[in-house]
Every structure is written in structure tokens, then in C-alpha cells.
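Structure below is entry.pdb: PDB, C-alpha atoms and all ligand atoms.
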ATOM      1  CA  MET X 206     -86.101  29.746 -40.195  1.00  0.00           C
ATOM      2  CA  LYS X 207     -87.883  28.735 -37.035  1.00  0.00           C
ATOM      3  CA  VAL X 208     -91.217  29.754 -35.630  1.00  0.00           C
ATOM      4  CA  TYR X 209     -92.062  28.983 -32.036  1.00  0.00           C
ATOM      5  CA  LEU X 210     -95.415  27.416 -31.366  1.00  0.00           C
ATOM      6  CA  SER X 211     -96.002  29.852 -28.513  1.00  0.00           C
ATOM      7  CA  ASP X 212     -95.362  32.938 -30.702  1.00  0.00           C
ATOM      8  CA  ALA X 213     -96.773  34.512 -33.791  1.00  0.00           C
ATOM      9  CA  ASN X 214    -100.454  33.713 -33.212  1.00  0.00           C
ATOM     10  CA  HIS X 215    -100.523  30.891 -35.737  1.00  0.00           C
ATOM     11  CA  LEU X 216    -103.130  28.203 -35.317  1.00  0.00           C
ATOM     12  CA  PHE X 217    -100.972  25.147 -35.843  1.00  0.00           C
ATOM     13  CA  ARG X 218    -102.415  21.725 -36.445  1.00  0.00           C
ATOM     14  CA  LYS X 219    -100.576  18.453 -37.000  1.00  0.00           C
ATOM     15  CA  LEU X 220    -101.046  17.110 -40.530  1.00  0.00           C
ATOM     16  CA  ASN X 221     -99.586  13.634 -40.238  1.00  0.00           C
ATOM     17  CA  LEU X 222    -101.211  10.881 -38.189  1.00  0.00           C
ATOM     18  CA  VAL X 223     -98.027   8.966 -37.542  1.00  0.00           C
ATOM     19  CA  THR X 224     -94.708  10.631 -36.652  1.00  0.00           C
ATOM     20  CA  LEU X 225     -92.414  10.823 -39.678  1.00  0.00           C
ATOM     21  CA  ASP X 226     -88.652  10.614 -39.930  1.00  0.00           C
ATOM     22  CA  ASP X 227     -85.820  11.709 -42.189  1.00  0.00           C
ATOM     23  CA  ALA X 228     -82.021  11.860 -41.961  1.00  0.00           C
ATOM     24  CA  GLN X 229     -82.229  14.354 -39.079  1.00  0.00           C
ATOM     25  CA  GLY X 230     -84.646  12.371 -36.950  1.00  0.00           C
ATOM     26  CA  THR X 231     -88.340  12.236 -36.278  1.00  0.00           C
ATOM     27  CA  TYR X 232     -90.749  15.078 -36.977  1.00  0.00           C
ATOM     28  CA  ASP X 233     -94.356  16.089 -37.431  1.00  0.00           C
ATOM     29  CA  ILE X 234     -95.698  18.291 -40.193  1.00  0.00           C
ATOM     30  CA  MET X 235     -97.437  21.292 -38.663  1.00  0.00           C
ATOM     31  CA  TYR X 236     -99.816  23.478 -40.620  1.00  0.00           C
ATOM     32  CA  CYS X 237    -101.391  26.818 -39.698  1.00  0.00           C
ATOM     33  CA  GLU X 238    -105.134  26.739 -40.250  1.00  0.00           C
ATOM     34  CA  ASN X 239    -105.229  30.503 -40.618  1.00  0.00           C
ATOM     35  CA  CYS X 240    -102.537  31.427 -43.102  1.00  0.00           C
ATOM     36  CA  GLY X 241    -101.436  28.045 -44.440  1.00  0.00           C
ATOM     37  CA  ILE X 242     -97.718  28.065 -43.562  1.00  0.00           C
ATOM     38  CA  LYS X 243     -96.286  24.626 -43.077  1.00  0.00           C
ATOM     39  CA  GLY X 244     -93.132  23.156 -41.623  1.00  0.00           C
ATOM     40  CA  LYS X 245     -91.435  20.366 -39.751  1.00  0.00           C
ATOM     41  CA  CYS X 246     -91.656  20.239 -35.967  1.00  0.00           C
ATOM     42  CA  ARG X 247     -88.972  18.156 -34.253  1.00  0.00           C
ATOM     43  CA  ASP X 248     -89.054  19.273 -30.646  1.00  0.00           C
ATOM     44  CA  LEU X 249     -92.715  20.141 -29.920  1.00  0.00           C
ATOM     45  CA  HIS X 250     -91.769  23.812 -29.474  1.00  0.00           C
ATOM     46  CA  SER X 251     -90.612  25.151 -32.809  1.00  0.00           C
ATOM     47  CA  ILE X 252     -91.281  24.621 -36.477  1.00  0.00           C
ATOM     48  CA  GLU X 253     -88.836  24.856 -39.361  1.00  0.00           C
ATOM     49  CA  ILE X 254     -90.684  26.789 -42.015  1.00  0.00           C
ATOM     50  CA  ASP X 255     -89.718  26.067 -45.599  1.00  0.00           C
ATOM     51  CA  GLY X 256     -88.139  28.888 -47.598  1.00  0.00           C
ATOM     52  CA  ARG X 257     -91.193  29.972 -49.524  1.00  0.00           C
ATOM     53  CA  SER X 258     -93.227  30.859 -46.449  1.00  0.00           C
ATOM     54  CA  LYS X 259     -90.580  32.880 -44.621  1.00  0.00           C
ATOM     55  CA  ILE X 260     -92.259  36.272 -44.735  1.00  0.00           C
ATOM     56  CA  LYS X 261     -95.616  34.940 -43.676  1.00  0.00           C
ATOM     57  CA  ALA X 262     -94.043  33.030 -40.814  1.00  0.00           C
ATOM     58  CA  LEU X 263     -93.170  36.060 -38.720  1.00  0.00           C
ATOM     59  CA  ARG X 264     -96.743  36.733 -37.859  1.00  0.00           C
ATOM     60  CA  CYS X 265     -99.938  35.009 -38.800  1.00  0.00           C
ATOM     61  CA  THR X 266    -101.443  36.981 -41.662  1.00  0.00           C
ATOM     62  CA  GLN X 267    -105.050  36.449 -40.712  1.00  0.00           C
ATOM     63  CA  SER X 268    -106.823  37.158 -37.475  1.00  0.00           C
ATOM     64  CA  LYS X 269    -109.150  34.552 -36.014  1.00  0.00           C
ATOM     65  CA  GLU X 270    -112.048  36.836 -36.918  1.00  0.00           C
ATOM     66  CA  GLU X 271    -111.010  37.119 -40.562  1.00  0.00           C
ATOM     67  CA  PHE X 272    -110.454  33.398 -40.687  1.00  0.00           C
ATOM     68  CA  ASP X 273    -113.916  32.649 -39.278  1.00  0.00           C
ATOM     69  CA  LYS X 274    -115.435  35.062 -41.744  1.00  0.00           C
ATOM     70  CA  GLN X 275    -113.611  33.429 -44.641  1.00  0.00           C
ATOM     71  CA  THR X 276    -114.785  30.017 -43.440  1.00  0.00           C
ATOM     72  CA  ALA X 277    -118.378  31.264 -43.279  1.00  0.00           C
ATOM     73  CA  ILE X 278    -118.108  32.677 -46.800  1.00  0.00           C
ATOM     74  CA  ASN X 279    -116.723  29.396 -48.111  1.00  0.00           C
ATOM     75  CA  LYS X 280    -119.585  27.463 -46.550  1.00  0.00           C
ATOM     76  CA  TYR X 281    -122.047  30.055 -47.852  1.00  0.00           C
ATOM     77  CA  ASN X 282    -120.760  29.614 -51.391  1.00  0.00           C
ATOM     78  CA  ASN X 283    -120.440  25.861 -51.339  1.00  0.00           C
ATOM     79  CA  ASP X 284    -122.685  23.687 -49.257  1.00  0.00           C
ATOM     80  CA  SER X 285    -125.674  25.741 -48.223  1.00  0.00           C
ATOM     81  CA  LYS X 286    -129.155  26.378 -49.517  1.00  0.00           C
ATOM     82  CA  GLU X 287    -131.036  29.619 -49.881  1.00  0.00           C
ATOM     83  CA  SER X 288    -133.503  30.794 -47.294  1.00  0.00           C
ATOM     84  CA  ASP X 289    -135.475  33.877 -46.349  1.00  0.00           C
ATOM     85  CA  ILE X 290    -134.306  33.716 -42.746  1.00  0.00           C
ATOM     86  CA  GLN X 291    -132.592  36.869 -41.539  1.00  0.00           C
ATOM     87  CA  CYS X 292    -129.068  36.936 -40.232  1.00  0.00           C
ATOM     88  CA  PRO X 293    -129.072  37.899 -36.540  1.00  0.00           C
ATOM     89  CA  LYS X 294    -126.051  40.109 -37.146  1.00  0.00           C
ATOM     90  CA  CYS X 295    -126.653  41.962 -40.417  1.00  0.00           C
ATOM     91  CA  LYS X 296    -130.319  41.174 -41.224  1.00  0.00           C
ATOM     92  CA  LYS X 297    -129.574  39.903 -44.724  1.00  0.00           C
ATOM     93  CA  ASN X 298    -130.824  36.487 -45.764  1.00  0.00           C
ATOM     94  CA  VAL X 299    -128.655  33.636 -44.576  1.00  0.00           C
ATOM     95  CA  ARG X 300    -128.079  30.312 -46.301  1.00  0.00           C
ATOM     96  CA  ILE X 301    -128.890  27.098 -44.484  1.00  0.00           C
ATOM     97  CA  LEU X 302    -126.420  24.319 -43.752  1.00  0.00           C
ATOM     98  CA  ASP X 303    -128.622  22.097 -41.570  1.00  0.00           C
ATOM     99  CA  GLU X 304    -132.191  21.977 -40.372  1.00  0.00           C
ATOM    100  CA  TRP X 305    -133.139  20.832 -36.895  1.00  0.00           C
ATOM    101  CA  MET X 306    -136.335  19.433 -35.511  1.00  0.00           C
ATOM    102  CA  GLU X 307    -136.906  19.153 -31.783  1.00  0.00           C
ATOM    103  CA  GLU X 308    -138.161  15.883 -30.438  1.00  0.00           C
ATOM    104  CA  GLY X 309    -141.917  15.619 -30.686  1.00  0.00           C
ATOM    105  CA  GLN X 310    -142.102  18.428 -33.234  1.00  0.00           C
ATOM    106  CA  THR X 311    -143.182  17.976 -36.828  1.00  0.00           C
ATOM    107  CA  GLU X 312    -141.645  21.165 -38.133  1.00  0.00           C
ATOM    108  CA  ILE X 313    -138.146  22.548 -38.367  1.00  0.00           C
ATOM    109  CA  THR X 314    -137.473  24.593 -35.248  1.00  0.00           C
ATOM    110  CA  ALA X 315    -133.908  25.719 -35.792  1.00  0.00           C
ATOM    111  CA  VAL X 316    -131.317  25.927 -38.543  1.00  0.00           C
ATOM    112  CA  THR X 317    -127.565  26.067 -38.709  1.00  0.00           C
ATOM    113  CA  ALA X 318    -126.879  28.955 -41.056  1.00  0.00           C
ATOM    114  CA  VAL X 319    -124.073  31.039 -42.502  1.00  0.00           C
ATOM    115  CA  CYS X 320    -123.883  34.606 -43.745  1.00  0.00           C
ATOM    116  CA  PRO X 321    -121.129  36.445 -45.647  1.00  0.00           C
ATOM    117  CA  CYS X 322    -120.879  38.882 -42.718  1.00  0.00           C
ATOM    118  CA  GLY X 323    -119.254  36.055 -40.767  1.00  0.00           C
ATOM    119  CA  PHE X 324    -122.268  34.722 -38.890  1.00  0.00           C
ATOM    120  CA  ASP X 325    -122.016  30.942 -38.575  1.00  0.00           C
ATOM    121  CA  GLY X 326    -124.326  29.353 -36.077  1.00  0.00           C
ATOM    122  CA  LEU X 327    -127.730  28.253 -34.915  1.00  0.00           C
ATOM    123  CA  ILE X 328    -130.872  30.313 -35.458  1.00  0.00           C
ATOM    124  CA  HIS X 329    -134.033  29.373 -33.571  1.00  0.00           C
ATOM    125  CA  LEU X 330    -137.099  29.944 -35.664  1.00  0.00           C
ATOM    126  CA  THR X 331    -140.051  31.751 -34.151  1.00  0.00           C
ATOM    127  CA  ASN X 332    -142.166  30.747 -37.130  1.00  0.00           C
ATOM    128  CA  PRO X 333    -141.244  27.176 -38.076  1.00  0.00           C
ATOM    129  CA  LEU X 334    -140.533  26.597 -41.781  1.00  0.00           C
TER
HETATM  130 ZN    ZN X 401    -100.721  31.358 -39.411  1.00  0.00          ZN
HETATM  131 ZN    ZN X 402    -124.998  38.482 -41.672  1.00  0.00          ZN
END
Kindly present the structure from the file in C-alpha cells form.
Amino acid sequence: MKVYLSDANHLFRKLNLVTLDDAQGTYDIMYCENCGIKGKCRDLHSIEIDGRSKIKALRCTQSKEEFDKQTAINKYNNDSKESDIQCPKCKKNVRILDEWMEEGQTEITAVTAVCPCGFDGLIHLTNPL
């Protein structure tokens, strides 16, 4: 089946760096960052989804919001460190991904942090760490 790039709210991204070809001609492999469906794109407008993903293909199964939240949770669980800084959204403690120091400062003035509520961004510290 075919999915049109303009429909179905998928967030397609090209997987291959160089255009590929098979018996039917050249194509790119397109992949939806939200729901993971994958297929061959031959004409820049539509994607042939392989059999297994047919049901998913009709409409993207995840909203951008859900996807961002899932991404934040993954970062939270994997590459962050604990902190006692409060999340600006839900007031729970966030985990830190990066620490930032402004020029001329000797202390951390901001952090990039994530929270399971979906917050993923910069927090300016009023009391430097
Ligand atoms: Zn999708
Ligand atoms: Zn939060």
C-alpha cells in the first residue's frame, strides 16, 4: 500500500545517504520518527509501506506530543544524572543532561534537563549549583 508524504501526519525521514536502486528503479528508504513505519519512496510524494506495517500506515499512531514525551523519558532513563532542580512544568526533580556556564562565571548557571512529564529543555538556575 501507499502512503502520501503530505497525508497521515507521519514524520518521515530519509534513512539512506545515497539513493538506492532495485529492479523497479531508484528509491529512498523513508522512516517515520514517530511510529517507526518504513517503506520505499520512488517519486518524492508517496511511500510503499511493507506488508507488516499496513495498519499503522493509515495514520501515525503517536502524536508529536506523545513522541516528545517518550523521547524525554528515554533520555531521563538513559543519559542523565540526578539533581534536586525542580521541573518548571510539574515541580518534580528533573535529571540533568548538560550543565552550562556563562562566560566569566565560575559556577553552573543553567542546565539542560529532562523530566518524565515531557519537559526537555533549558533551566536557568537562580541559585548556581
Ligand atoms: Zn508515523
Ligand atoms: Zn516535569
Per-residue nearest contacts of chain X to ligand ZN 401 (chain X) (8 Å; all atoms listed in the file) as a tab-separated table:
residue	atom	partner	partner_atom	distance
X:Ala213	CA	X:ZN401	ZN	7.6
X:Asn214	CA	X:ZN401	ZN	6.6
X:His215	CA	X:ZN401	ZN	3.7
X:Leu216	CA	X:ZN401	ZN	5.7
X:Phe217	CA	X:ZN401	ZN	7.2
X:Cys237	CA	X:ZN401	ZN	4.6
X:Glu238	CA	X:ZN401	ZN	6.4
X:Asn239	CA	X:ZN401	ZN	4.7
X:Cys240	CA	X:ZN401	ZN	4.1
X:Gly241	CA	X:ZN401	ZN	6.1
X:Ile242	CA	X:ZN401	ZN	6.1
X:Lys261	CA	X:ZN401	ZN	7.6
X:Ala262	CA	X:ZN401	ZN	7.0
X:Arg264	CA	X:ZN401	ZN	6.9
X:Cys265	CA	X:ZN401	ZN	3.8
X:Thr266	CA	X:ZN401	ZN	6.1
X:Gln267	CA	X:ZN401	ZN	6.8
Each residue of chain X lying at most 8 Å from ligand ZN 402 (chain X) should get a row with its shortest atom-to-atom pair and the distance in Å to one decimal, counting only C-alpha atoms and all ligand atoms; could you produce that, ordered by chain and increasing number, as CSV?
residue,atom,partner,partner_atom,distance
X:Gln291,CA,X:ZN402,ZN,7.8
X:Cys292,CA,X:ZN402,ZN,4.6
X:Pro293,CA,X:ZN402,ZN,6.6
X:Lys294,CA,X:ZN402,ZN,4.9
X:Cys295,CA,X:ZN402,ZN,4.1
X:Lys296,CA,X:ZN402,ZN,6.0
X:Lys297,CA,X:ZN402,ZN,5.7
X:Asn298,CA,X:ZN402,ZN,7.4
X:Val299,CA,X:ZN402,ZN,6.7
X:Val319,CA,X:ZN402,ZN,7.5
X:Cys320,CA,X:ZN402,ZN,4.5
X:Pro321,CA,X:ZN402,ZN,5.9
X:Cys322,CA,X:ZN402,ZN,4.3
X:Gly323,CA,X:ZN402,ZN,6.3
X:Phe324,CA,X:ZN402,ZN,5.4
Q: Compile the contact shell of Leu222 (chain X) as a PyMOL selection string: residues with an atom at most 12 Å away, counting all atoms listed in the file, same-chain residues fewer than 3 positions apart removed.
A: chain X and resi 218-219+225+232-235
Q.
I'd like the interatomic distance between CA of Leu249 (chain X) and CA of Lys274 (chain X), to a tenth of an Å.
A. 29.6 Å
Q: Taking the file above as input, evaluate the PyMOL selection byres (((chain X and resi 210) around 6) and not hetatm) and report the hits as a list in words.
A: Tyr209, Ser211, Asp212, His250 and Ser251 of chain X
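Interatomic distance, CA of Asp325 (chain X) to CA of Arg300 (chain X): 9.8 Å.
Nearest residue to Lys280 (chain X) among X:Ile313, X:Leu330, X:Val208, X:Ala318 is X:Ala318, counting all atoms listed in the file.
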Q: Evaluate the PyMOL selection byres (((chain X and resi 327) around 8) and not hetatm) here and jot the selected residues down as a PyMOL selection string.
A: chain X and resi 315-318+325-326+328-329
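What separates CA of Asp248 (chain X) from CA of Asp273 (chain X) is a distance of 29.5 Å.
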**Q.** Hits from the PyMOL selection byres (((chain X and resi 287) around 7) and not hetatm), listed as a PyMOL selection string
**A.** chain X and resi 285-286+288+300-301
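Minimum atom-to-atom distances from X:Met206, X:Gly244, X:Asp284, X:Ser268 to Leu220 (chain X) were compared using only C-alpha atoms, and the lowest value belongs to X:Gly244.
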